[in-house]
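Participant: Mind looking over this structure? Questions follow.
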Amino acid sequence: MRVSLPLLRGYRPELPASSRAACEVLEDVGIEVKRHQDTPRGEVLTVELLANRGDHHCYLGLARELGGRFEAPTPLPPLAPLTAADGPAPLVTTDTCLAFGVARVDLADADPARLPEAWAEALELNGEHTGLLAVDAGNVTGRELGQPVHVYDADLLSGPLRVRLSEEGESVVLLDSAEPVALPAGLTVVADDEGVVAVAGVIGARRAAVTETTRALLVESALFDPAAVRRAARALARQTAAATRFERGADPTLVDAGAARTVALLDAWGALAADGPRTWSRTVLPADARLAPREIPLDLDSLDTYYAVDFDPAAVERRLTCLGFAVRKADGTDAADGGRTLLVGVPGHRLWDVFNPECLYEEIGRMWSFDSFPAVLPEAGGGAAPTPRQRARAALEQVLVGYGFFEVITDGFYSRTAHERLGVPAGSPLNRHVELRNAIDRNFSLLKNNALLQALDVADYNQRHSLTLGKYFEFTHLFEAVDADSHRELPLLWGMLWGEETYGSWQRGGQGFDFWYVKGVLEELAHACGTRFEFRRTADDPSPLAELMHPTRSVHLYADGRRVGLCGEVHPSVTANWKLRTDRVLYFEVDWTALLTERAPQSAEQVDELPEHPLLRRDVAFHLPAGLTAGEVRTAMEAVSPLELAWVRVTDLYESGEVRAHTFELAFQNDNTVTADQVNHAMGALTSHVLTTFGERGVYQR
Amino acid sequence: MEVSELENMARSAVEEISALTDARELEAQRVKWLGGKGLVRRARASIKEHQGEARVAFAREVNRIAEEITRVVDEATERLAAEATARRIAEDWIDPSLPATAPRRGALHPVRVVEQRCVEIMGRLGFEQAEGPEVETDYFNFDALNIPRDHPARDMQDTFWVDEQRLLRTHTTSVQARVLAQAAGRPVKVVVAGRVYRNEAVDATHLAMFHQLDGFWVDRGLTFAHLKGVAVHLARELYGDRRVRLKPKSYPYTEPSVGIDVECALCGGAGCSACHESGWVTIMGAGMVHRNVLQEFGYDPEVFSGFAFGWGLSRMTTQMYGLSKLRPVYRGDLRLLRVLDGRSALCV
């Protein structure tokens, strides 16, 4: 809302002369000044109002709020005396209308009347100046009192006004449109015999609109249900000043005053015909419980405790009174508690938001300034220990950052077009998504069910900016559609690597990443959480995402027998869709919550004594054809070794043409009785076993 | 062997050894003079050729010459070692301006860094971290937080809807509702950080997904003075010892509600473009938990009270890292992430 500071000063002369000081006071009572402008016509403030304070949307409301701080009352401006109208009052057939009345006056034929310049400019600030005096008078009433009024050309109405719900198929040409607008059924409308003349509390219709030729004027002042007005405003996509005010709950005590003030303004400006009617007709409606008068007990001792200060009861009473509250001491409390309980009557303009003592505490807090109260740090006890999830995540982050990964953050959604880029096979569960039904941007239409797509997007973005190395990860959630009404939200840690890095020796050029690098990172991740991964080929163990991975260079990760993720190279045909500059792209993802060690071991595991004598080591090299893993050969050797093996591991892999020579290092336990002959004999037996077992598959010794 | 021969021998040894420049030649000289078949050994063997006083004198002379040659060899050894070290040092010259070869560390995302900092500070006050789903029900996101259907506050948080009941959470306060629902009326003290979503057009300073942090404490006897105590403590821990102010706000789930501002560090409160000429920077929203929220979860508001506070982690990140725009940090730009990792977080 944009406010004329000179006009506001007219209602609240106690405001400091300095505009900066005035703004500080406004902010201190809850009226945030977003902008201060010096214009040729005076200072203008753009204020942001508290969302629950409809009564602030007018000059009198702002002045009253300041009045609480300055202990100054804020009386209503002059109202016109109106006589009761002959004939029936408007008919109200919906409980979404809480109060309804119309004033009837005639405008003078001559046109000497002018809207005062100050008000013309004030209305202009919020785009409410129409140039039609009767309409502007209504707008001034709304902006001054906070009671929206609507004016009709009475000669254009057909029959009495009725407030009812719109019916199926109704339409209306609204004031701001040239074409009829279809009204959804069930909106609160004001109608005459010919149809709708206003959408209640939102906007009027052209058919009964006031024009320069209007002489007979009907001034509607009403109170509508906030939710009903909000529904109508949303349905019509029109957030008018009246709707804004009604949605926050208008003042039932201002319904009569609204019409009377509009008439008084028109009269004061010389716009009324001297001999015309000045009547008021209000419909009698059932009482709404929400509008019933109420009193709230205010315990001053509790108030003192709440803010940790001793309030002066008289000052509390004065300031609340200036805010419009009716304050009295609770019956019989004078003797019992020294008058420490007040009963605070809620005024009409606060019936929608003041219900309990905390509401009153808030009023008092603003009137004294929250800044004026002491800050008391409560006893906090000991600090909170990190949760298992915090610990696990921190451990995983430490490993990844140590390996040179950067954390990135990607959106929780993507577009259908983006998803198509992955080339997910038809029938894959990855084609099912949790969909957002109202996303304003199609890039937000699908909640992500995989992280690979955005990981590749990050690669694409960075490679287009000439980066030759990418190592990054993210902790995120995936959203898996179970059926139309349910979904699963899955925590996920994913990482991606591509390009070359030059650690170790920049002189020798860069070194690319491969499957085994990622495997090592994952082993460290598992280790950091006190667990281990088992790696199983995706080719033998299919999954939807595995279809997007390199068939022979990817594995699933298992922890405690449960599949918790995968890792390996992204399928070349997938990376081709991104036209990446790097040949191989490595990716991993894991349900990191599966790595949480929920229970600490009951007792420490006994550590074996380290061998006193050095292990006896021997090497043997075999060519292993594609399809046969070193793990299979190792297992075969471990199974038949005549001596106790400490380990068998691959220490070198030489690949040239068809040759894939693996050097296995075997380490035998040594109790200082094992002879060289025994070791040599064991090596011969193991070599022979391997060649016998795998010879037909093409294994030979090198 | 005569004494004169010994003297000649000693003279020759000193001259030869002193002139050596090579460690291998020195070793050869040491063997020649002092080795098992060396000249000194041969001189000792000839002692028995002398008799009486001459034998004693000759033996003394042999010992003197042996000591002399040993001394000269030791000196030469030391000299040659020093020369070798000097040569090696000269040859070892490197260019320290060449890049390091140790593996480079990566970095956490700046938003995560700020989150950790906040959670750590709150952890010291006893706040335990809680988490909740990102796809939330309208009950936990709105209704349970005193935001019923048709409440204007629902418009303030443009919502992504999945269906009639499910939505993408618009604030991490939804986790507050979940925690209270599970607490069964017991005191709770929790911090929540995570992603939130708003269905609005994306530009440099607005994102459809960003990060928030919420803290709340429900217990017996908590007052606004305590809220202010914690809020001011947090503000100073996060932003340093600066002036703090509270100003009225309105949030449906708290009453009273306040905004916490700190003095703008760039202008010292005088007003500048960074603080929109106000001299203050808003850092968090806070308030006493609304009694309707307490009652919704079975807390008697006459017995229990609580306070809650929260802020946009994304916004705080831009403040602390001196970023004018939010969007770049969410783009996965590894160049930017490395640059930001290289600077300590600042406060605005």
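Numbering starts fresh at 1 for the residues of each chain in the structure tokens, the chains themselves are lettered A, B, ... in the order given, and ligands are numbered from 1 as they appear.
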So which residues touch Glu136 of chain B within 7 Å, counting only C-alpha atoms, skipping near sequence neighbours fewer than 3 positions away, as a count of residues only?
Facilitator: 7
Participant: May I ask you to extract the residues of chain B within 6 Å of chain A, using only C-alpha atoms, and to give them as a VMD selection string?
Facilitator: chain B and resid 101 to 109 123 to 128 150 161 to 162 223 to 226 228 to 230 245 to 248 250 256 330 332
Participant: Filtering to C-alpha atoms, could you give me those residues as a compact mmCIF listing (two decimals), in the first residue's frame?
Facilitator:
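Output saved as again-v2.txt:
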```
# COMPACT_ATOMS: atom_id res chain seq x y z
CA THR B 101 50.53 -32.38 -7.13
CA ALA B 102 48.77 -33.55 -3.98
CA PRO B 103 45.10 -34.39 -4.53
CA ARG B 104 42.92 -31.31 -4.08
CA ARG B 105 40.10 -31.43 -1.62
CA GLY B 106 36.60 -30.72 -2.81
CA ALA B 107 34.13 -28.71 -0.80
CA LEU B 108 30.69 -28.78 0.68
CA HIS B 109 28.10 -26.57 -0.92
CA GLY B 123 23.24 -27.84 18.88
CA ARG B 124 25.20 -26.14 21.62
CA LEU B 125 21.91 -24.78 22.91
CA GLY B 126 20.51 -28.31 22.93
CA PHE B 127 18.52 -28.28 19.69
CA GLU B 128 18.46 -31.71 18.08
CA ASP B 150 -8.86 -20.18 2.26
CA TRP B 161 0.33 -29.38 -5.55
CA VAL B 162 0.59 -33.07 -6.36
CA THR B 223 8.29 -16.72 27.51
CA PHE B 224 8.85 -14.05 24.91
CA ALA B 225 11.87 -12.92 26.92
CA HIS B 226 13.37 -16.38 26.32
CA LYS B 228 14.34 -12.86 22.46
CA GLY B 229 17.26 -14.27 24.43
CA VAL B 230 17.74 -17.15 22.01
CA ARG B 245 16.34 -5.18 16.58
CA LEU B 246 12.97 -6.87 16.69
CA LYS B 247 10.06 -5.64 14.67
CA PRO B 248 6.49 -6.85 14.50
CA SER B 250 2.69 -11.77 11.32
CA PRO B 256 3.36 -12.67 18.87
CA TYR B 330 22.22 -23.73 -7.34
CA GLY B 332 26.24 -26.79 -10.05
```
Participant: From a DSSP calculation on the backbone, collect every residue of segment 216-318 of chain B in alpha helix (DSSP H) and output the set as a list in words.
Facilitator: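 Answer for segment 216-318 of chain B restricted to alpha helix (DSSP H) is Phe224, Ala225, His226, Leu227, Lys228, Gly229, Val230, Ala231, Val232, His233, Leu234, Ala235, Arg236, Glu237, Leu238, Tyr239, Arg291, Asn292, Val293, Leu294, Gln295, Glu296, Leu313, Ser314, Arg315, Met316, Thr317 and Thr318 of chain B.
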Participant: Which value, in Å to one decimal, gives the distance between atom CA of Leu493 of chain A and atom CA of Met209 of chain B?
Facilitator: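 Rounded to one decimal, the two atoms are 18.4 Å apart.
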Participant: What does the distance from atom CA of Lys329 of chain A to atom CA of Pro347 of chain A come to in Å, to one decimal?
Facilitator: 16.8 Å
Participant: With only C-alpha atoms as the atoms that count, which of B:Leu39, B:Ile17, B:Val31, B:Val56 lies nearest to Thr77 of chain B?
Facilitator: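 The answer is B:Ile17, which sits nearest to Thr77 of chain B.
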Participant: Tell me which protein, DNA and RNA residues are within 12 Å of Thr253 of chain A, counting only C-alpha atoms, leaving out same-chain ones fewer than 4 positions away, and put them as a ChimeraX atom specification.
Facilitator: /A:76,98-100,145-147,221-223,249,257-259,291-293,346-351
Participant: Would you mind exporting the chosen residues as a compact mmCIF listing (two decimals), in the first residue's frame, restricted to C-alpha atoms?
Facilitator:
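So the final result, stored in out-v6.txt, reads:
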```
# COMPACT_ATOMS: atom_id res chain seq x y z
CA LEU A 76 -14.22 8.46 13.41
CA LEU A 98 -22.83 -11.13 7.23
CA ALA A 99 -24.20 -7.61 6.94
CA PHE A 100 -25.70 -5.67 4.05
CA LEU A 145 -12.11 4.12 7.18
CA GLY A 146 -11.19 0.70 5.91
CA GLN A 147 -14.80 -0.09 5.06
CA SER A 221 -21.87 -1.04 2.54
CA ALA A 222 -21.63 -4.63 3.69
CA LEU A 223 -19.66 -7.31 5.41
CA GLY A 249 -12.09 -9.68 8.00
CA ALA A 257 -20.56 4.18 9.03
CA GLY A 258 -19.20 3.27 5.62
CA ALA A 259 -22.30 4.40 3.79
CA LEU A 291 -18.90 -11.35 15.39
CA ALA A 292 -20.21 -11.69 18.91
CA PRO A 293 -18.70 -9.27 21.43
CA VAL A 346 -12.33 -6.67 21.50
CA PRO A 347 -13.33 -3.87 19.11
CA GLY A 348 -15.05 -4.54 15.80
CA HIS A 349 -11.93 -4.02 13.74
CA ARG A 350 -10.09 -6.75 15.68
CA LEU A 351 -12.82 -9.38 15.92
```
Participant: Among segment 461-698 of chain A, which residues does DSSP mark as strand (DSSP E or B) when it is run on the backbone? Keep the chain and numbering as in the structure and answer as number ranges by chain.
Facilitator: A: 469-483, 486-501, 511-512, 534-537, 549-559, 562-570, 585-590, 616-623, 645-656, 659-668
Participant: Which neighbours of segment 276-287 of chain B fall inside 6 Å, counting only C-alpha atoms, when residues of the same chain fewer than 6 positions from it are skipped, and could you give them as an MDAnalysis selection string?
Facilitator: chainID B and resid 254:264 269:270 307:311
Participant: Pull C-alpha atoms from the residues just selected and write them as a compact mmCIF listing (two decimals), in the first residue's frame.
Facilitator:
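As written to disk, result24.txt reads:
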```
# COMPACT_ATOMS: atom_id res chain seq x y z
CA THR B 254 3.22 -17.83 15.97
CA GLU B 255 1.83 -15.10 18.18
CA PRO B 256 3.36 -12.67 18.87
CA SER B 257 5.51 -12.76 15.75
CA VAL B 258 8.63 -10.74 15.15
CA GLY B 259 11.29 -10.23 12.55
CA ILE B 260 14.91 -10.09 13.70
CA ASP B 261 17.17 -7.54 12.01
CA VAL B 262 20.87 -6.98 12.46
CA GLU B 263 22.70 -3.80 11.72
CA CYS B 264 23.99 -3.70 8.17
CA GLY B 269 23.53 1.28 10.09
CA ALA B 270 23.79 4.49 8.09
CA PHE B 307 8.87 -20.35 20.50
CA ALA B 308 9.95 -20.89 16.95
CA PHE B 309 12.28 -19.11 14.60
CA GLY B 310 13.57 -19.66 11.13
CA TRP B 311 15.32 -18.17 8.20
```
Participant: Using only C-alpha atoms, pick whichever of A:Glu117, A:Asp225, A:Glu605, A:Glu212 has the shortest atom-to-atom distance to Ala200 of chain A.
Facilitator: A:Asp225
Participant: Using only C-alpha atoms, determine which residues lie at most 7 Å from Ala193 of chain B, disregarding the query and same-chain residues fewer than 4 positions distant; provide the list as a PyMOL selection string.
Facilitator: chain B and resi 172+212-214
Participant: Please produce a file of the residues just selected, as a PDB file, in the first residue's frame, where the atoms kept are C-alpha atoms.
Facilitator:
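again_25.pdb written:
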```pdb
ATOM      1  CA  THR B 172      10.447 -26.460   6.894  1.00  0.00           C
ATOM      2  CA  GLN B 212      15.245 -22.970   4.966  1.00  0.00           C
ATOM      3  CA  LEU B 213      16.040 -23.612   8.589  1.00  0.00           C
ATOM      4  CA  ASP B 214      13.573 -23.754  11.463  1.00  0.00           C
TER       5      ASP B 214
END
```
Participant: Quick one, how far is atom CA of Glu644 of chain A from atom CA of Ala621 of chain A?
Facilitator: 20.0 Å
Participant: Excluding Asp652 of chain A and residues on its chain fewer than 5 positions from it, collect all residues at most 12 Å away from it, counting only C-alpha atoms, and give them as a PyMOL selection string.
Facilitator: chain A and resi 619-623+630+660-665
Participant: Of the candidates B:Ala231, B:Met1, B:Met320, B:Ala19, which shows the shortest atom-to-atom distance to Ala59 of chain B, using only C-alpha atoms?
Facilitator: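 Once distances to Ala59 of chain B are computed over only C-alpha atoms, the minimum belongs to B:Met1.
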Participant: Nearest to Arg442 of chain A among B:His206, B:Gly240, B:Ile121, B:Asn199, with distances taken over only C-alpha atoms: which residue is it?
Facilitator: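 With only C-alpha atoms as the atom set, the closest residue is B:Asn199.
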Participant: Could you pull the residues within 8 Å of Arg532 of chain A, counting only C-alpha atoms, minus those fewer than 3 positions along the same chain, as an NGL selection string?
Facilitator: :A and (523 or 526-527 or 559)
